[in-house]
>>> print(open('final07.pdb').read())   # PDB, C-alpha atoms, pLDDT in the B column
ATOM      1  CA  VAL A  32      -5.587   8.696   4.608  1.00 92.00           C
ATOM      2  CA  GLU A  33      -3.378  10.344   7.216  1.00 94.00           C
ATOM      3  CA  ARG A  34      -1.257   7.227   7.637  1.00 95.00           C
ATOM      4  CA  TYR A  35      -0.719   6.694   3.931  1.00 95.00           C
ATOM      5  CA  ALA A  36       0.109  10.404   3.596  1.00 96.00           C
ATOM      6  CA  ALA A  37       2.736  10.084   6.347  1.00 97.00           C
ATOM      7  CA  VAL A  38       4.328   7.141   4.517  1.00 97.00           C
ATOM      8  CA  ALA A  39       4.241   9.019   1.204  1.00 97.00           C
ATOM      9  CA  ASP A  40       5.785  12.099   2.808  1.00 96.00           C
ATOM     10  CA  GLU A  41       8.681  10.082   4.260  1.00 96.00           C
ATOM     11  CA  LEU A  42       9.313   8.225   0.999  1.00 96.00           C
ATOM     12  CA  ARG A  43       9.425  11.536  -0.850  1.00 95.00           C
ATOM     13  CA  ALA A  44      11.864  12.858   1.764  1.00 95.00           C
ATOM     14  CA  ARG A  45      14.052   9.874   0.859  1.00 93.00           C
ATOM     15  CA  GLY A  46      14.089  11.052  -2.743  1.00 93.00           C
ATOM     16  CA  LEU A  47      11.513   8.634  -4.122  1.00 93.00           C
ATOM     17  CA  ARG A  48       8.643   9.486  -6.420  1.00 94.00           C
ATOM     18  CA  VAL A  49       5.290   8.506  -4.921  1.00 96.00           C
ATOM     19  CA  VAL A  50       2.307   7.755  -7.149  1.00 96.00           C
ATOM     20  CA  VAL A  51      -1.150   7.265  -5.678  1.00 96.00           C
ATOM     21  CA  THR A  52      -3.914   5.282  -7.364  1.00 95.00           C
ATOM     22  CA  GLY A  53      -7.489   4.499  -6.470  1.00 93.00           C
ATOM     23  CA  GLY A  54     -10.528   2.750  -7.823  1.00 91.00           C
ATOM     24  CA  ALA A  55     -13.506   4.211  -9.625  1.00 89.00           C
ATOM     25  CA  ASP A  56     -15.227   5.305  -6.417  1.00 91.00           C
ATOM     26  CA  GLU A  57     -12.097   6.516  -4.609  1.00 91.00           C
ATOM     27  CA  SER A  58     -11.370   9.848  -6.321  1.00 92.00           C
ATOM     28  CA  ASP A  59     -12.092  11.923  -3.204  1.00 93.00           C
ATOM     29  CA  LEU A  60     -10.051   9.619  -0.987  1.00 92.00           C
ATOM     30  CA  VAL A  61      -7.075   9.728  -3.366  1.00 94.00           C
ATOM     31  CA  ALA A  62      -7.335  13.523  -3.669  1.00 94.00           C
ATOM     32  CA  ARG A  63      -7.284  13.919   0.130  1.00 95.00           C
ATOM     33  CA  LEU A  64      -4.256  11.668   0.439  1.00 95.00           C
ATOM     34  CA  ALA A  65      -2.427  13.498  -2.339  1.00 95.00           C
ATOM     35  CA  LYS A  66      -3.163  16.882  -0.797  1.00 95.00           C
ATOM     36  CA  GLN A  67      -1.960  15.817   2.655  1.00 95.00           C
ATOM     37  CA  ALA A  68       1.221  14.329   1.173  1.00 95.00           C
ATOM     38  CA  GLY A  69       1.816  17.319  -1.104  1.00 94.00           C
ATOM     39  CA  LEU A  70       1.880  15.183  -4.245  1.00 95.00           C
ATOM     40  CA  PRO A  71       1.833  16.869  -7.646  1.00 95.00           C
ATOM     41  CA  ASP A  72      -1.238  16.275  -9.813  1.00 93.00           C
ATOM     42  CA  THR A  73       0.915  14.294 -12.264  1.00 94.00           C
ATOM     43  CA  ASP A  74       1.350  11.585  -9.610  1.00 95.00           C
ATOM     44  CA  VAL A  75      -2.304  11.194  -8.649  1.00 95.00           C
ATOM     45  CA  PHE A  76      -4.568   8.679 -10.407  1.00 93.00           C
ATOM     46  CA  GLY A  77      -7.953   8.519  -8.727  1.00 89.00           C
ATOM     47  CA  GLY A  78     -11.043   7.207 -10.436  1.00 90.00           C
ATOM     48  CA  GLY A  79      -9.527   3.960 -11.662  1.00 90.00           C
ATOM     49  CA  LEU A  80      -6.821   3.557 -14.281  1.00 93.00           C
ATOM     50  CA  PRO A  81      -7.420   1.251 -17.224  1.00 93.00           C
ATOM     51  CA  PHE A  82      -5.989  -2.158 -16.331  1.00 94.00           C
ATOM     52  CA  GLY A  83      -3.125  -1.999 -18.842  1.00 95.00           C
ATOM     53  CA  ARG A  84      -1.914   1.365 -17.516  1.00 95.00           C
ATOM     54  CA  LEU A  85      -2.210   0.223 -13.905  1.00 96.00           C
ATOM     55  CA  ALA A  86      -0.315  -2.986 -14.654  1.00 96.00           C
ATOM     56  CA  ALA A  87       2.448  -1.041 -16.414  1.00 96.00           C
ATOM     57  CA  LEU A  88       2.689   1.378 -13.492  1.00 96.00           C
ATOM     58  CA  VAL A  89       3.022  -1.519 -11.025  1.00 97.00           C
ATOM     59  CA  ALA A  90       5.517  -3.376 -13.222  1.00 96.00           C
ATOM     60  CA  GLY A  91       7.825  -0.351 -13.268  1.00 95.00           C
ATOM     61  CA  ALA A  92       7.450   0.592  -9.610  1.00 95.00           C
ATOM     62  CA  TYR A  93      10.226   0.604  -7.033  1.00 92.00           C
ATOM     63  CA  ALA A  94       7.713  -0.948  -4.624  1.00 95.00           C
ATOM     64  CA  VAL A  95       3.958  -1.132  -4.108  1.00 97.00           C
ATOM     65  CA  ILE A  96       2.393  -0.296  -0.761  1.00 97.00           C
ATOM     66  CA  SER A  97      -1.276  -1.144  -0.481  1.00 96.00           C
ATOM     67  CA  GLY A  98      -4.043  -2.835   1.370  1.00 93.00           C
ATOM     68  CA  ASP A  99      -4.966  -6.402   0.500  1.00 91.00           C
ATOM     69  CA  THR A 100      -6.516  -5.593  -2.844  1.00 90.00           C
ATOM     70  CA  GLY A 101      -5.991  -6.091  -6.563  1.00 92.00           C
ATOM     71  CA  ILE A 102      -2.901  -3.916  -6.880  1.00 95.00           C
ATOM     72  CA  ALA A 103      -1.110  -6.094  -4.302  1.00 96.00           C
ATOM     73  CA  HIS A 104      -1.766  -9.127  -6.488  1.00 95.00           C
ATOM     74  CA  LEU A 105      -0.477  -7.225  -9.537  1.00 96.00           C
ATOM     75  CA  ALA A 106       2.745  -6.517  -7.650  1.00 96.00           C
ATOM     76  CA  VAL A 107       3.201 -10.236  -7.013  1.00 96.00           C
ATOM     77  CA  ALA A 108       2.423 -11.052 -10.653  1.00 96.00           C
ATOM     78  CA  HIS A 109       5.015  -8.523 -11.862  1.00 96.00           C
ATOM     79  CA  ALA A 110       7.597  -9.455  -9.194  1.00 95.00           C
ATOM     80  CA  THR A 111       7.507  -5.861  -7.943  1.00 96.00           C
ATOM     81  CA  PRO A 112       8.521  -5.628  -4.270  1.00 96.00           C
ATOM     82  CA  SER A 113       5.508  -4.945  -2.081  1.00 97.00           C
ATOM     83  CA  VAL A 114       4.250  -4.200   1.390  1.00 97.00           C
ATOM     84  CA  THR A 115       0.650  -5.283   1.872  1.00 97.00           C
ATOM     85  CA  LEU A 116      -1.446  -4.243   4.855  1.00 96.00           C
ATOM     86  CA  PHE A 117      -3.939  -6.820   6.090  1.00 93.00           C
ATOM     87  CA  GLY A 118      -6.869  -6.136   8.381  1.00 89.00           C
ATOM     88  CA  PRO A 119      -9.645  -8.594   8.943  1.00 90.00           C
ATOM     89  CA  VAL A 120      -8.272 -11.414   6.786  1.00 90.00           C
ATOM     90  CA  ALA A 121      -4.973 -13.142   7.564  1.00 92.00           C
ATOM     91  CA  PRO A 122      -2.268 -12.996   4.893  1.00 93.00           C
ATOM     92  CA  SER A 123      -2.069 -16.788   5.061  1.00 92.00           C
ATOM     93  CA  ARG A 124      -5.348 -16.800   3.095  1.00 89.00           C
ATOM     94  CA  TRP A 125      -4.730 -14.214   0.369  1.00 85.00           C
ATOM     95  CA  GLY A 126      -1.249 -12.872   0.992  1.00 90.00           C
ATOM     96  CA  PRO A 127       1.833 -12.887  -1.166  1.00 92.00           C
ATOM     97  CA  PRO A 128       3.965 -15.998  -1.517  1.00 90.00           C
ATOM     98  CA  PRO A 129       6.709 -16.511   1.047  1.00 87.00           C
ATOM     99  CA  GLY A 130       9.996 -14.870   0.250  1.00 88.00           C
ATOM    100  CA  PRO A 131      11.891 -11.644   0.769  1.00 92.00           C
ATOM    101  CA  ARG A 132      10.315  -9.702  -2.133  1.00 94.00           C
ATOM    102  CA  HIS A 133       6.971  -9.170  -0.371  1.00 96.00           C
ATOM    103  CA  ARG A 134       6.102  -8.147   3.175  1.00 96.00           C
ATOM    104  CA  ALA A 135       2.674  -8.753   4.670  1.00 96.00           C
ATOM    105  CA  LEU A 136       1.749  -6.695   7.734  1.00 96.00           C
ATOM    106  CA  TRP A 137      -0.972  -8.097   9.973  1.00 95.00           C
ATOM    107  CA  TYR A 138      -1.633  -8.022  13.694  1.00 93.00           C
ATOM    108  CA  GLY A 139      -4.796 -10.165  13.785  1.00 89.00           C
ATOM    109  CA  PRO A 140      -7.102 -11.536  14.896  1.00 90.00           C
ATOM    110  CA  GLU A 141      -9.338 -12.188  11.925  1.00 90.00           C
ATOM    111  CA  GLY A 142     -12.461 -10.072  11.695  1.00 88.00           C
ATOM    112  CA  ASP A 143     -15.314  -9.210   9.359  1.00 89.00           C
ATOM    113  CA  PRO A 144     -14.004  -8.494   5.824  1.00 86.00           C
ATOM    114  CA  HIS A 145     -17.302  -6.787   5.013  1.00 88.00           C
ATOM    115  CA  GLY A 146     -17.322  -4.458   8.020  1.00 87.00           C
ATOM    116  CA  ARG A 147     -18.384  -0.851   7.606  1.00 87.00           C
ATOM    117  CA  ARG A 148     -15.401   0.515   9.522  1.00 88.00           C
ATOM    118  CA  PRO A 149     -11.673  -0.166   9.259  1.00 87.00           C
ATOM    119  CA  ASP A 150     -10.768  -3.334  11.093  1.00 89.00           C
ATOM    120  CA  PRO A 151      -9.006  -2.759  14.455  1.00 90.00           C
ATOM    121  CA  ALA A 152      -6.166  -5.079  13.381  1.00 88.00           C
ATOM    122  CA  LEU A 153      -5.567  -2.939  10.310  1.00 89.00           C
ATOM    123  CA  LEU A 154      -5.527   0.209  12.422  1.00 91.00           C
ATOM    124  CA  ARG A 155      -2.723  -1.220  14.569  1.00 94.00           C
ATOM    125  CA  ILE A 156      -0.364  -0.989  11.582  1.00 96.00           C
ATOM    126  CA  THR A 157       1.588   2.270  11.869  1.00 97.00           C
ATOM    127  CA  PRO A 158       3.433   4.313   9.248  1.00 97.00           C
ATOM    128  CA  ASP A 159       6.676   3.292  10.970  1.00 98.00           C
ATOM    129  CA  ASP A 160       5.711  -0.383  10.531  1.00 98.00           C
ATOM    130  CA  VAL A 161       5.191   0.224   6.820  1.00 98.00           C
ATOM    131  CA  LEU A 162       8.443   2.142   6.395  1.00 97.00           C
ATOM    132  CA  SER A 163      10.381  -0.559   8.255  1.00 97.00           C
ATOM    133  CA  ALA A 164       8.859  -3.185   5.964  1.00 96.00           C
ATOM    134  CA  VAL A 165       9.871  -1.142   2.911  1.00 96.00           C
ATOM    135  CA  ASP A 166      13.427  -0.988   4.253  1.00 95.00           C
ATOM    136  CA  GLU A 167      13.465  -4.805   4.526  1.00 94.00           C
ATOM    137  CA  LEU A 168      12.599  -5.317   0.864  1.00 94.00           C
ATOM    138  CA  PRO A 169      15.577  -6.503  -1.224  1.00 87.00           C
ATOM    139  CA  GLY A 170      17.088  -3.794  -3.377  1.00 75.00           C
ATOM    140  CA  THR A 171      14.905  -1.041  -1.966  1.00 59.00           C
ATOM    141  CA  ARG A 172      17.154   0.623   0.598  1.00 53.00           C
ATOM    142  CA  HIS A 173      16.535   4.330   0.437  1.00 49.00           C
ATOM    143  CA  PRO A 174      19.237   6.652  -0.969  1.00 48.00           C
TER     144      PRO A 174
END
>>> encode(input="final07.pdb", output="structure tokens")
Amino acid sequence: VERYAAVADELRARGLRVVVTGGADESDLVARLAKQAGLPDTDVFGGGLPFGRLAALVAGAYAVISGDTGIAHLAVAHATPSVTLFGPVAPSRWGPPPGPRHRALWYGPEGDPHGRRPDPALLRITPDDVLSAVDELPGTRHP
């Protein structure tokens, strides 16, 4: 949560609107992130958005930053620039297609995708890594 909040805070400092989403069982997690990042309630969608609303949100986004989960695949489907953080599973298995529109961050090695704690490889990804990857996306240089 702290790392995503740091990224959100910096993106907001760059003049970008940051919207946070989460699945049906992630309301508390999303609320903690939003509070730490100082996001207004209008930009916080915990508890799972209906698929159509989530897809529309992704389609209109400047960029999507997420773990290797469904929203990352929506970003690829909508050609929305993305930065996807990978932990126990290499992006070569489930990552975005090659090309400049999507950045996959992974420090390996592969681990247990069903682990009870965040994978050590995932924890090696820093907010600065994420922000640098955002800066490398085409057409997404900050104002």
>>> resolve_selection(input="final07.pdb", expression="the PyMOL selection byres ((chain A and resi 86-103) around 7)", output="PyMOL selection string")
chain A and resi 82-85+104-107+109+111-117
>>> residues_around(input="final07.pdb", residues="range 118-130 of chain A", least_positions_apart="5", cutoff="10 Å", atoms="all atoms listed in the file", output="MDAnalysis selection string")
chainID A and resid 98:100 103:104 106:108 113 135:146 149:156 168
>>> atom_distance(input="final07.pdb", atom1="CA of Ala68 in chain A", atom2="CA of Ala44 in chain A")
10.8 Å
>>> closest_residue(input="final07.pdb", among="A:Pro169, A:Ser163, A:Thr157, A:Gln67", to="Pro131 in chain A", atoms="all atoms listed in the file")
A:Pro169
>>> residues_around(input="final07.pdb", residues="Tyr35 in chain A", least_positions_apart="3", cutoff="12 Å", atoms="only C-alpha atoms", output="PyMOL selection string")
chain A and resi 32+38-42+49-52+60-61+63-68+96-98+116+154+156-162
>>> closest_residue(input="final07.pdb", among="A:Glu33, A:Glu167, A:Leu70, A:Leu80", to="Leu47 in chain A", atoms="all atoms listed in the file")
A:Leu70
>>> decode(input="final07.pdb", residues="range 69-84 of chain A", atoms="all heavy atoms", output="compact mmCIF listing (two decimals), in the first residue's frame")
# COMPACT_ATOMS: atom_id res chain seq x y z
N GLY A 69 -3.89 10.61 -0.18
CA GLY A 69 -4.71 11.81 -0.13
C GLY A 69 -5.68 11.93 -1.29
O GLY A 69 -6.00 13.04 -1.72
N LEU A 70 -6.17 10.81 -1.78
CA LEU A 70 -7.09 10.83 -2.92
C LEU A 70 -8.50 11.21 -2.48
O LEU A 70 -8.96 10.77 -1.42
CB LEU A 70 -7.14 9.46 -3.60
CG LEU A 70 -5.83 8.94 -4.18
CD1 LEU A 70 -6.03 7.54 -4.74
CD2 LEU A 70 -5.31 9.87 -5.25
N PRO A 71 -9.21 11.97 -3.29
CA PRO A 71 -10.60 12.28 -2.97
C PRO A 71 -11.48 11.04 -3.14
O PRO A 71 -11.17 10.15 -3.94
CB PRO A 71 -10.99 13.37 -3.97
CG PRO A 71 -10.04 13.19 -5.12
CD PRO A 71 -8.76 12.63 -4.53
N ASP A 72 -12.56 10.98 -2.40
CA ASP A 72 -13.47 9.83 -2.47
C ASP A 72 -13.97 9.56 -3.88
O ASP A 72 -14.26 8.42 -4.24
CB ASP A 72 -14.67 10.04 -1.55
CG ASP A 72 -14.30 9.97 -0.08
OD1 ASP A 72 -13.20 9.46 0.24
OD2 ASP A 72 -15.10 10.44 0.76
N THR A 73 -14.08 10.60 -4.71
CA THR A 73 -14.57 10.44 -6.08
C THR A 73 -13.63 9.62 -6.96
O THR A 73 -14.02 9.17 -8.03
CB THR A 73 -14.80 11.81 -6.74
OG1 THR A 73 -13.57 12.57 -6.65
CG2 THR A 73 -15.93 12.57 -6.06
N ASP A 74 -12.38 9.43 -6.50
CA ASP A 74 -11.39 8.71 -7.28
C ASP A 74 -11.02 7.36 -6.68
O ASP A 74 -9.99 6.77 -7.00
CB ASP A 74 -10.13 9.56 -7.45
CG ASP A 74 -10.38 10.80 -8.29
OD1 ASP A 74 -11.40 10.84 -9.02
OD2 ASP A 74 -9.57 11.74 -8.22
N VAL A 75 -11.88 6.84 -5.82
CA VAL A 75 -11.63 5.60 -5.12
C VAL A 75 -12.77 4.62 -5.40
O VAL A 75 -13.93 4.91 -5.10
CB VAL A 75 -11.48 5.84 -3.60
CG1 VAL A 75 -11.20 4.54 -2.87
CG2 VAL A 75 -10.39 6.86 -3.32
N PHE A 76 -12.43 3.46 -5.96
CA PHE A 76 -13.43 2.46 -6.33
C PHE A 76 -13.03 1.10 -5.77
O PHE A 76 -12.55 0.23 -6.49
CB PHE A 76 -13.59 2.39 -7.85
CG PHE A 76 -14.03 3.68 -8.47
CD1 PHE A 76 -13.10 4.54 -9.05
CD2 PHE A 76 -15.36 4.04 -8.45
CE1 PHE A 76 -13.51 5.74 -9.61
CE2 PHE A 76 -15.78 5.24 -9.01
CZ PHE A 76 -14.85 6.10 -9.59
N GLY A 77 -13.22 0.92 -4.50
CA GLY A 77 -12.97 -0.38 -3.87
C GLY A 77 -14.24 -1.22 -3.96
O GLY A 77 -15.32 -0.72 -4.23
N GLY A 78 -14.11 -2.50 -3.74
CA GLY A 78 -15.27 -3.36 -3.72
C GLY A 78 -15.65 -3.94 -5.06
O GLY A 78 -16.62 -4.68 -5.16
N GLY A 79 -14.92 -3.60 -6.10
CA GLY A 79 -15.17 -4.19 -7.41
C GLY A 79 -16.16 -3.39 -8.24
O GLY A 79 -17.33 -3.29 -7.88
N LEU A 80 -15.70 -2.81 -9.31
CA LEU A 80 -16.59 -2.12 -10.25
C LEU A 80 -17.21 -3.14 -11.19
O LEU A 80 -16.58 -4.15 -11.52
CB LEU A 80 -15.77 -1.13 -11.10
CG LEU A 80 -15.37 0.19 -10.46
CD1 LEU A 80 -14.43 0.95 -11.40
CD2 LEU A 80 -16.60 1.03 -10.18
N PRO A 81 -18.42 -2.87 -11.65
CA PRO A 81 -18.97 -3.73 -12.71
C PRO A 81 -18.01 -3.71 -13.91
O PRO A 81 -17.37 -2.69 -14.19
CB PRO A 81 -20.31 -3.07 -13.06
CG PRO A 81 -20.65 -2.25 -11.85
CD PRO A 81 -19.34 -1.81 -11.26
N PHE A 82 -17.91 -4.83 -14.61
CA PHE A 82 -16.92 -4.97 -15.66
C PHE A 82 -16.99 -3.85 -16.70
O PHE A 82 -15.95 -3.31 -17.11
CB PHE A 82 -17.06 -6.33 -16.36
CG PHE A 82 -16.01 -6.54 -17.42
CD1 PHE A 82 -14.71 -6.85 -17.07
CD2 PHE A 82 -16.34 -6.40 -18.76
CE1 PHE A 82 -13.74 -7.02 -18.04
CE2 PHE A 82 -15.38 -6.57 -19.74
CZ PHE A 82 -14.07 -6.88 -19.38
N GLY A 83 -18.17 -3.47 -17.13
CA GLY A 83 -18.31 -2.42 -18.14
C GLY A 83 -17.74 -1.09 -17.68
O GLY A 83 -17.08 -0.39 -18.45
N ARG A 84 -17.99 -0.74 -16.43
CA ARG A 84 -17.44 0.52 -15.88
C ARG A 84 -15.92 0.45 -15.75
O ARG A 84 -15.23 1.42 -16.04
CB ARG A 84 -18.08 0.84 -14.53
CG ARG A 84 -19.53 1.30 -14.67
CD ARG A 84 -20.11 1.78 -13.37
NE ARG A 84 -19.40 2.95 -12.87
CZ ARG A 84 -19.39 3.32 -11.60
NH1 ARG A 84 -20.05 2.64 -10.70
NH2 ARG A 84 -18.74 4.39 -11.22
